[in-house]
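*Asks:* Next up, structure.cif (mmCIF, C-alpha atoms, pLDDT in the B column; chains and numbers go by the auth columns).
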data_coords
loop_
_atom_site.group_PDB
_atom_site.id
_atom_site.type_symbol
_atom_site.label_atom_id
_atom_site.label_comp_id
_atom_site.label_asym_id
_atom_site.label_seq_id
_atom_site.Cartn_x
_atom_site.Cartn_y
_atom_site.Cartn_z
_atom_site.B_iso_or_equiv
_atom_site.auth_seq_id
_atom_site.auth_asym_id
ATOM 1 C CA MET A 1 -4.332 9.405 -4.890 48.00 1 A
ATOM 2 C CA ILE A 2 -6.179 12.712 -5.131 51.00 2 A
ATOM 3 C CA ARG A 3 -3.045 14.518 -3.924 54.00 3 A
ATOM 4 C CA ILE A 4 -1.036 13.027 -6.805 50.00 4 A
ATOM 5 C CA CYS A 5 -3.604 14.180 -9.377 50.00 5 A
ATOM 6 C CA CYS A 6 -3.843 17.668 -7.880 52.00 6 A
ATOM 7 C CA GLY A 7 -0.047 17.945 -7.758 53.00 7 A
ATOM 8 C CA LEU A 8 0.166 16.885 -11.408 51.00 8 A
ATOM 9 C CA ALA A 9 -2.457 19.418 -12.433 53.00 9 A
ATOM 10 C CA ALA A 10 -0.655 22.193 -10.542 52.00 10 A
ATOM 11 C CA ALA A 11 2.669 21.317 -12.199 50.00 11 A
ATOM 12 C CA LEU A 12 0.993 21.289 -15.601 50.00 12 A
ATOM 13 C CA LEU A 13 -0.530 24.697 -15.082 50.00 13 A
ATOM 14 C CA MET A 14 2.760 26.145 -13.895 48.00 14 A
ATOM 15 C CA GLY A 15 4.608 24.783 -16.967 50.00 15 A
ATOM 16 C CA PHE A 16 7.426 23.169 -15.001 50.00 16 A
ATOM 17 C CA TRP A 17 7.133 19.771 -16.649 50.00 17 A
ATOM 18 C CA THR A 18 9.911 18.277 -18.668 64.00 18 A
ATOM 19 C CA PRO A 19 9.370 15.190 -20.853 67.00 19 A
ATOM 20 C CA ALA A 20 11.169 13.073 -18.224 68.00 20 A
ATOM 21 C CA ALA A 21 8.882 14.399 -15.484 68.00 21 A
ATOM 22 C CA ARG A 22 5.839 13.634 -17.622 70.00 22 A
ATOM 23 C CA ALA A 23 7.008 10.059 -18.166 72.00 23 A
ATOM 24 C CA ALA A 24 7.560 9.590 -14.439 75.00 24 A
ATOM 25 C CA ASP A 25 4.114 10.982 -13.632 76.00 25 A
ATOM 26 C CA ALA A 26 2.528 8.799 -16.310 76.00 26 A
ATOM 27 C CA SER A 27 4.131 5.721 -14.785 82.00 27 A
ATOM 28 C CA ARG A 28 2.614 6.699 -11.427 84.00 28 A
ATOM 29 C CA CYS A 29 -0.779 6.981 -13.132 84.00 29 A
ATOM 30 C CA ALA A 30 -0.438 3.439 -14.488 84.00 30 A
ATOM 31 C CA GLN A 31 -0.200 2.091 -10.928 87.00 31 A
ATOM 32 C CA ILE A 32 -3.567 3.541 -9.822 89.00 32 A
ATOM 33 C CA ALA A 33 -6.118 0.730 -9.518 88.00 33 A
ATOM 34 C CA ASP A 34 -9.320 2.814 -9.685 89.00 34 A
ATOM 35 C CA SER A 35 -10.088 3.438 -13.373 84.00 35 A
ATOM 36 C CA GLN A 36 -11.734 6.847 -12.787 85.00 36 A
ATOM 37 C CA ALA A 37 -8.800 8.108 -10.695 86.00 37 A
ATOM 38 C CA ARG A 38 -6.349 6.702 -13.274 84.00 38 A
ATOM 39 C CA LEU A 39 -8.139 8.577 -16.072 82.00 39 A
ATOM 40 C CA ILE A 40 -8.042 11.814 -14.057 85.00 40 A
ATOM 41 C CA CYS A 41 -4.327 11.290 -13.486 84.00 41 A
ATOM 42 C CA TYR A 42 -3.620 10.680 -17.191 78.00 42 A
ATOM 43 C CA ASP A 43 -5.751 13.680 -18.179 82.00 43 A
ATOM 44 C CA ALA A 44 -3.636 15.795 -15.838 82.00 44 A
ATOM 45 C CA VAL A 45 -0.393 14.503 -17.404 79.00 45 A
ATOM 46 C CA TYR A 46 -1.633 14.549 -21.017 78.00 46 A
ATOM 47 C CA PRO A 47 -4.595 16.936 -21.332 78.00 47 A
ATOM 48 C CA PRO A 48 -7.219 15.955 -23.908 74.00 48 A
ATOM 49 C CA LYS A 49 -6.938 17.830 -27.206 70.00 49 A
ATOM 50 C CA ALA A 50 -10.395 19.341 -26.704 63.00 50 A
ATOM 51 C CA ALA A 51 -9.156 20.982 -23.506 54.00 51 A
ATOM 52 C CA MET A 52 -6.183 22.580 -25.263 56.00 52 A
ATOM 53 C CA ALA A 53 -6.748 26.021 -26.698 57.00 53 A
ATOM 54 C CA ALA A 54 -6.988 25.987 -30.487 56.00 54 A
ATOM 55 C CA PRO A 55 -6.664 29.033 -32.712 57.00 55 A
ATOM 56 C CA ALA A 56 -9.982 30.375 -33.939 60.00 56 A
ATOM 57 C CA MET A 57 -10.553 29.496 -37.586 62.00 57 A
ATOM 58 C CA PRO A 58 -13.447 30.581 -39.757 64.00 58 A
ATOM 59 C CA PRO A 59 -15.821 27.780 -40.756 63.00 59 A
ATOM 60 C CA PRO A 60 -15.262 26.357 -44.250 64.00 60 A
ATOM 61 C CA THR A 61 -17.421 27.815 -46.983 61.00 61 A
ATOM 62 C CA PRO A 62 -19.849 25.259 -48.413 61.00 62 A
ATOM 63 C CA VAL A 63 -19.742 24.392 -52.093 56.00 63 A
ATOM 64 C CA ALA A 64 -23.070 25.374 -53.608 54.00 64 A
ATOM 65 C CA ALA A 65 -22.725 23.725 -57.008 56.00 65 A
ATOM 66 C CA ALA A 66 -25.002 20.777 -57.632 56.00 66 A
ATOM 67 C CA PRO A 67 -23.384 17.992 -59.678 58.00 67 A
ATOM 68 C CA ALA A 68 -24.694 17.531 -63.181 60.00 68 A
ATOM 69 C CA VAL A 69 -26.259 14.158 -63.870 59.00 69 A
ATOM 70 C CA ALA A 70 -25.117 12.231 -66.929 58.00 70 A
ATOM 71 C CA LYS A 71 -26.316 9.114 -68.708 59.00 71 A
ATOM 72 C CA GLY A 72 -27.963 6.562 -66.432 59.00 72 A
ATOM 73 C CA GLY A 73 -28.483 8.996 -63.534 62.00 73 A
ATOM 74 C CA VAL A 74 -24.804 8.891 -62.548 64.00 74 A
ATOM 75 C CA SER A 75 -23.211 12.163 -61.470 66.00 75 A
ATOM 76 C CA THR A 76 -20.522 13.652 -63.728 69.00 76 A
ATOM 77 C CA LEU A 77 -18.374 13.835 -60.580 70.00 77 A
ATOM 78 C CA PHE A 78 -18.309 10.020 -60.322 72.00 78 A
ATOM 79 C CA GLY A 79 -14.720 9.045 -59.545 72.00 79 A
ATOM 80 C CA LEU A 80 -13.717 12.563 -58.499 70.00 80 A
ATOM 81 C CA LEU A 81 -15.515 12.555 -55.145 59.00 81 A
ATOM 82 C CA PRO A 82 -13.353 13.265 -52.097 61.00 82 A
ATOM 83 C CA LYS A 83 -12.343 10.068 -50.336 59.00 83 A
ATOM 84 C CA LYS A 84 -14.306 10.980 -47.204 59.00 84 A
ATOM 85 C CA ASP A 85 -17.608 11.148 -49.127 55.00 85 A
ATOM 86 C CA LYS A 86 -19.322 7.861 -49.763 55.00 86 A
ATOM 87 C CA PRO A 87 -21.089 7.451 -53.105 53.00 87 A
ATOM 88 C CA LYS A 88 -24.866 7.589 -53.007 54.00 88 A
ATOM 89 C CA LYS A 89 -27.001 4.608 -53.993 51.00 89 A
ATOM 90 C CA ALA A 90 -27.386 5.949 -57.563 51.00 90 A
ATOM 91 C CA ASP A 91 -23.585 6.258 -57.875 56.00 91 A
ATOM 92 C CA THR A 92 -22.758 2.638 -57.138 80.00 92 A
ATOM 93 C CA SER A 93 -21.537 1.908 -60.681 85.00 93 A
ATOM 94 C CA LEU A 94 -21.021 3.666 -63.983 88.00 94 A
ATOM 95 C CA HIS A 95 -21.982 2.112 -67.323 89.00 95 A
ATOM 96 C CA ALA A 96 -20.453 3.763 -70.396 91.00 96 A
ATOM 97 C CA VAL A 97 -19.111 3.118 -73.884 93.00 97 A
ATOM 98 C CA VAL A 98 -15.441 3.547 -74.775 90.00 98 A
ATOM 99 C CA THR A 99 -14.816 6.159 -77.472 92.00 99 A
ATOM 100 C CA GLU A 100 -10.994 6.102 -77.518 91.00 100 A
ATOM 101 C CA VAL A 101 -8.108 4.083 -76.078 87.00 101 A
ATOM 102 C CA GLN A 102 -4.627 5.633 -75.944 87.00 102 A
ATOM 103 C CA MET A 103 -1.576 3.542 -75.096 84.00 103 A
ATOM 104 C CA ARG A 104 0.743 5.574 -72.829 80.00 104 A
ATOM 105 C CA ALA A 105 3.868 4.687 -70.868 78.00 105 A
ATOM 106 C CA ALA A 106 2.114 5.699 -67.631 77.00 106 A
ATOM 107 C CA GLY A 107 -0.874 3.489 -68.433 79.00 107 A
ATOM 108 C CA GLN A 108 -3.698 3.229 -70.921 84.00 108 A
ATOM 109 C CA LEU A 109 -6.037 6.222 -71.145 88.00 109 A
ATOM 110 C CA ILE A 110 -9.643 5.322 -71.806 89.00 110 A
ATOM 111 C CA THR A 111 -12.070 8.032 -72.921 92.00 111 A
ATOM 112 C CA LEU A 112 -15.760 7.316 -72.370 93.00 112 A
ATOM 113 C CA ASP A 113 -18.819 8.576 -74.248 92.00 113 A
ATOM 114 C CA ASN A 114 -19.735 10.834 -71.299 91.00 114 A
ATOM 115 C CA GLY A 115 -16.409 12.714 -71.640 92.00 115 A
ATOM 116 C CA GLN A 116 -14.695 11.133 -68.641 92.00 116 A
ATOM 117 C CA VAL A 117 -11.086 9.964 -69.032 92.00 117 A
ATOM 118 C CA TRP A 118 -9.807 7.078 -66.905 90.00 118 A
ATOM 119 C CA GLN A 119 -6.270 5.690 -66.627 88.00 119 A
ATOM 120 C CA LEU A 120 -5.382 2.091 -65.886 85.00 120 A
ATOM 121 C CA THR A 121 -3.132 1.968 -62.826 84.00 121 A
ATOM 122 C CA GLU A 122 -2.105 -1.622 -63.509 79.00 122 A
ATOM 123 C CA TYR A 123 0.161 -2.498 -66.432 74.00 123 A
ATOM 124 C CA GLN A 124 -1.569 -4.137 -69.388 72.00 124 A
ATOM 125 C CA ARG A 125 0.516 -5.035 -72.431 75.00 125 A
ATOM 126 C CA ASP A 126 -2.438 -5.084 -74.815 76.00 126 A
ATOM 127 C CA ALA A 127 -5.443 -2.778 -74.925 76.00 127 A
ATOM 128 C CA PHE A 128 -7.766 -3.652 -72.050 78.00 128 A
ATOM 129 C CA VAL A 129 -10.875 -2.639 -74.022 85.00 129 A
ATOM 130 C CA LYS A 130 -11.525 -1.393 -77.547 85.00 130 A
ATOM 131 C CA ALA A 131 -13.461 1.578 -78.911 86.00 131 A
ATOM 132 C CA ASP A 132 -17.271 1.125 -79.003 88.00 132 A
ATOM 133 C CA GLU A 133 -17.095 -1.454 -76.221 91.00 133 A
ATOM 134 C CA GLY A 134 -19.178 -1.112 -73.051 91.00 134 A
ATOM 135 C CA VAL A 135 -17.489 -0.881 -69.658 92.00 135 A
ATOM 136 C CA VAL A 136 -18.613 -0.826 -66.038 91.00 136 A
ATOM 137 C CA ILE A 137 -16.728 1.124 -63.353 89.00 137 A
ATOM 138 C CA ASP A 138 -17.425 0.159 -59.761 90.00 138 A
ATOM 139 C CA PRO A 139 -16.171 1.735 -56.513 90.00 139 A
ATOM 140 C CA ALA A 140 -13.709 -0.546 -54.725 87.00 140 A
ATOM 141 C CA SER A 141 -12.002 -0.466 -51.344 86.00 141 A
ATOM 142 C CA LEU A 142 -10.129 2.553 -49.989 85.00 142 A
ATOM 143 C CA GLY A 143 -11.574 4.980 -52.545 84.00 143 A
ATOM 144 C CA SER A 144 -10.296 3.129 -55.607 86.00 144 A
ATOM 145 C CA PHE A 145 -12.247 2.043 -58.696 91.00 145 A
ATOM 146 C CA LEU A 146 -12.380 -1.126 -60.804 88.00 146 A
ATOM 147 C CA MET A 147 -13.183 -1.151 -64.544 88.00 147 A
ATOM 148 C CA SER A 148 -14.456 -4.243 -66.304 86.00 148 A
ATOM 149 C CA ALA A 149 -15.709 -4.830 -69.819 87.00 149 A
ATOM 150 C CA GLU A 150 -19.442 -5.520 -70.100 85.00 150 A
ATOM 151 C CA ARG A 151 -18.573 -8.667 -72.098 83.00 151 A
ATOM 152 C CA GLY A 152 -17.021 -10.046 -68.909 81.00 152 A
ATOM 153 C CA GLY A 153 -13.489 -10.971 -67.979 78.00 153 A
ATOM 154 C CA LEU A 154 -11.095 -9.487 -65.517 81.00 154 A
ATOM 155 C CA SER A 155 -11.362 -6.150 -63.710 85.00 155 A
ATOM 156 C CA VAL A 156 -8.546 -3.605 -63.711 86.00 156 A
ATOM 157 C CA ARG A 157 -7.926 -0.858 -61.154 88.00 157 A
ATOM 158 C CA VAL A 158 -8.371 2.627 -62.686 89.00 158 A
ATOM 159 C CA LYS A 159 -8.226 6.257 -61.600 89.00 159 A
ATOM 160 C CA ARG A 160 -10.131 9.134 -63.103 89.00 160 A
ATOM 161 C CA VAL A 161 -7.986 11.733 -64.889 88.00 161 A
ATOM 162 C CA ARG A 162 -10.748 14.089 -66.117 85.00 162 A
#
Rewrite the coordinates I just gave you, this time as structure tokens.
*Replies:*
Amino acid sequence: MIRICCGLAAALLMGFWTPAARAADASRCAQIADSQARLICYDAVYPPKAAMAAPAMPPPTPVAAAPAVAKGGVSTLFGLLPKKDKPKKADTSLHAVVTEVQMRAAGQLITLDNGQVWQLTEYQRDAFVKADEGVVIDPASLGSFLMSAERGGLSVRVKRVR
């Protein structure tokens, strides 16, 4: 068993492996009963990404701008956060008043009193909300957002335009 792993490692280092040879060696690894020896065999056939040499890249420069806080303690970046960042406790929902509703072919544009502009991503024949009406925008699954009127009723999926 050890001889197989050492032979695989030597072939890997010498660069003589073809995809067919790799597949054959991987099938030999699958037949090893001992889990530790099997892992060593697979690591020899397919080296872990951490073991592969990666080009040196400079670290990303941090963004030093602090988000401005708008009405109700909600950040003005609400809805524009990168998908990998989770909203903080204070950013769990946005309460605002509609100042303008524009009917567009791509979807209704709703301008809020805090200056944010949101677009409905679901088709609505009639205006979803009217000017001077309160709305609530909540984060939903997979980085999306749901808008609902404060009066109640259905929620519609929206995306922030500005």
*Asks:* Please determine the residues with any atom at most 7 Å from (-6.7, 1.5, -72.1) (coordinates as given in the file, with all atoms listed in the file counting) and report them as a list in words.
*Replies:*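 Those within range, by chain then number, are Val101, Gln102, Met103, Gln108, Leu109, Ile110, Gln119, Leu120, Ala127, Phe128 and Val129 of chain A.
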*Asks:* Can you turn the PyMOL selection byres ((chain A and resi 98) around 12) into a concrete residue list for this file, as a PDB file with C-alpha atoms, in the frame of the given file?
*Replies:*
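Written out: expr-v9.pdb:
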ATOM      1  CA  HIS A  95     -21.982   2.112 -67.323  1.00 89.00           C
ATOM      2  CA  ALA A  96     -20.453   3.763 -70.396  1.00 91.00           C
ATOM      3  CA  VAL A  97     -19.111   3.118 -73.884  1.00 93.00           C
ATOM      4  CA  THR A  99     -14.816   6.159 -77.472  1.00 92.00           C
ATOM      5  CA  GLU A 100     -10.994   6.102 -77.518  1.00 91.00           C
ATOM      6  CA  VAL A 101      -8.108   4.083 -76.078  1.00 87.00           C
ATOM      7  CA  GLN A 102      -4.627   5.633 -75.944  1.00 87.00           C
ATOM      8  CA  LEU A 109      -6.037   6.222 -71.145  1.00 88.00           C
ATOM      9  CA  ILE A 110      -9.643   5.322 -71.806  1.00 89.00           C
ATOM     10  CA  THR A 111     -12.070   8.032 -72.921  1.00 92.00           C
ATOM     11  CA  LEU A 112     -15.760   7.316 -72.370  1.00 93.00           C
ATOM     12  CA  ASP A 113     -18.819   8.576 -74.248  1.00 92.00           C
ATOM     13  CA  ASN A 114     -19.735  10.834 -71.299  1.00 91.00           C
ATOM     14  CA  GLY A 115     -16.409  12.714 -71.640  1.00 92.00           C
ATOM     15  CA  GLN A 116     -14.695  11.133 -68.641  1.00 92.00           C
ATOM     16  CA  VAL A 117     -11.086   9.964 -69.032  1.00 92.00           C
ATOM     17  CA  TRP A 118      -9.807   7.078 -66.905  1.00 90.00           C
ATOM     18  CA  ALA A 127      -5.443  -2.778 -74.925  1.00 76.00           C
ATOM     19  CA  PHE A 128      -7.766  -3.652 -72.050  1.00 78.00           C
ATOM     20  CA  VAL A 129     -10.875  -2.639 -74.022  1.00 85.00           C
ATOM     21  CA  LYS A 130     -11.525  -1.393 -77.547  1.00 85.00           C
ATOM     22  CA  ALA A 131     -13.461   1.578 -78.911  1.00 86.00           C
ATOM     23  CA  ASP A 132     -17.271   1.125 -79.003  1.00 88.00           C
ATOM     24  CA  GLU A 133     -17.095  -1.454 -76.221  1.00 91.00           C
ATOM     25  CA  GLY A 134     -19.178  -1.112 -73.051  1.00 91.00           C
ATOM     26  CA  VAL A 135     -17.489  -0.881 -69.658  1.00 92.00           C
ATOM     27  CA  VAL A 136     -18.613  -0.826 -66.038  1.00 91.00           C
ATOM     28  CA  ILE A 137     -16.728   1.124 -63.353  1.00 89.00           C
ATOM     29  CA  MET A 147     -13.183  -1.151 -64.544  1.00 88.00           C
ATOM     30  CA  SER A 148     -14.456  -4.243 -66.304  1.00 86.00           C
ATOM     31  CA  ALA A 149     -15.709  -4.830 -69.819  1.00 87.00           C
ATOM     32  CA  GLU A 150     -19.442  -5.520 -70.100  1.00 85.00           C
TER      33      GLU A 150
END
*Asks:* Here is a test: counting only C-alpha atoms, which residue of A:Cys29, A:Ala24, A:Ala44, A:Val158 is nearest to Thr121 (chain A)?
*Replies:*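 Closest residue, counting only C-alpha atoms: A:Val158.
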*Asks:* Rounded to one decimal in Å, what is the spacing between CA of Ala105 (chain A) and CA of Gly153 (chain A)?
*Replies:*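 Separation of CA of Ala105 (chain A) and CA of Gly153 (chain A): 23.6 Å.
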*Asks:* Ranking A:Gly79, A:Arg104, A:Glu122, A:Leu142 by minimum distance to Arg160 (chain A) and counting all atoms listed in the file, which one comes first?
*Replies:*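 Among the listed residues, A:Gly79 lies closest to Arg160 (chain A).
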*Asks:* What is the distance between CA of Lys49 (chain A) and CA of Gly143 (chain A), in Å to one decimal?
*Replies:*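 Value for the CA of Lys49 (chain A)-CA of Gly143 (chain A) distance: 28.8 Å.
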*Asks:* So for region 126-144 of chain A, what box centre and size do we get, axis-aligned, 8 Å extra on each of the six sides, every listed atom, Å to one decimal, as AutoDock Vina command-line options?
*Replies:*
--center_x -10.8 --center_y -0.1 --center_z -64.5 --size_x 32.7 --size_y 26.1 --size_z 45.0
*Asks:* For each of A:Val161, A:Leu146, A:Leu154, A:Val45, take the minimum atom-to-atom distance to Ser27 (chain A), counting only C-alpha atoms, then give the residue where this is smallest.
*Replies:* A:Val45
*Asks:* With only C-alpha atoms as the counted atoms, please give the residues lying no more than 9 Å from Arg28 (chain A), apart from itself and same-chain residues fewer than 4 positions off, as an MDAnalysis selection string.
*Replies:* chainID A and resid 4 23:24 32 41
*Asks:* Pick the closest to Arg22 (chain A) from A:Gly107, A:Ile40, A:Tyr46, A:Thr92: which is it, counting all atoms listed in the file?
*Replies:*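 Residue with the minimum atom-to-atom distance to Arg22 (chain A): A:Tyr46.
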*Asks:* Rounded to one decimal, what separation in Å do you get between CA of Leu94 (chain A) and CA of Ala140 (chain A)?
*Replies:*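 Result for CA of Leu94 (chain A) versus CA of Ala140 (chain A): 12.5 Å, one decimal.
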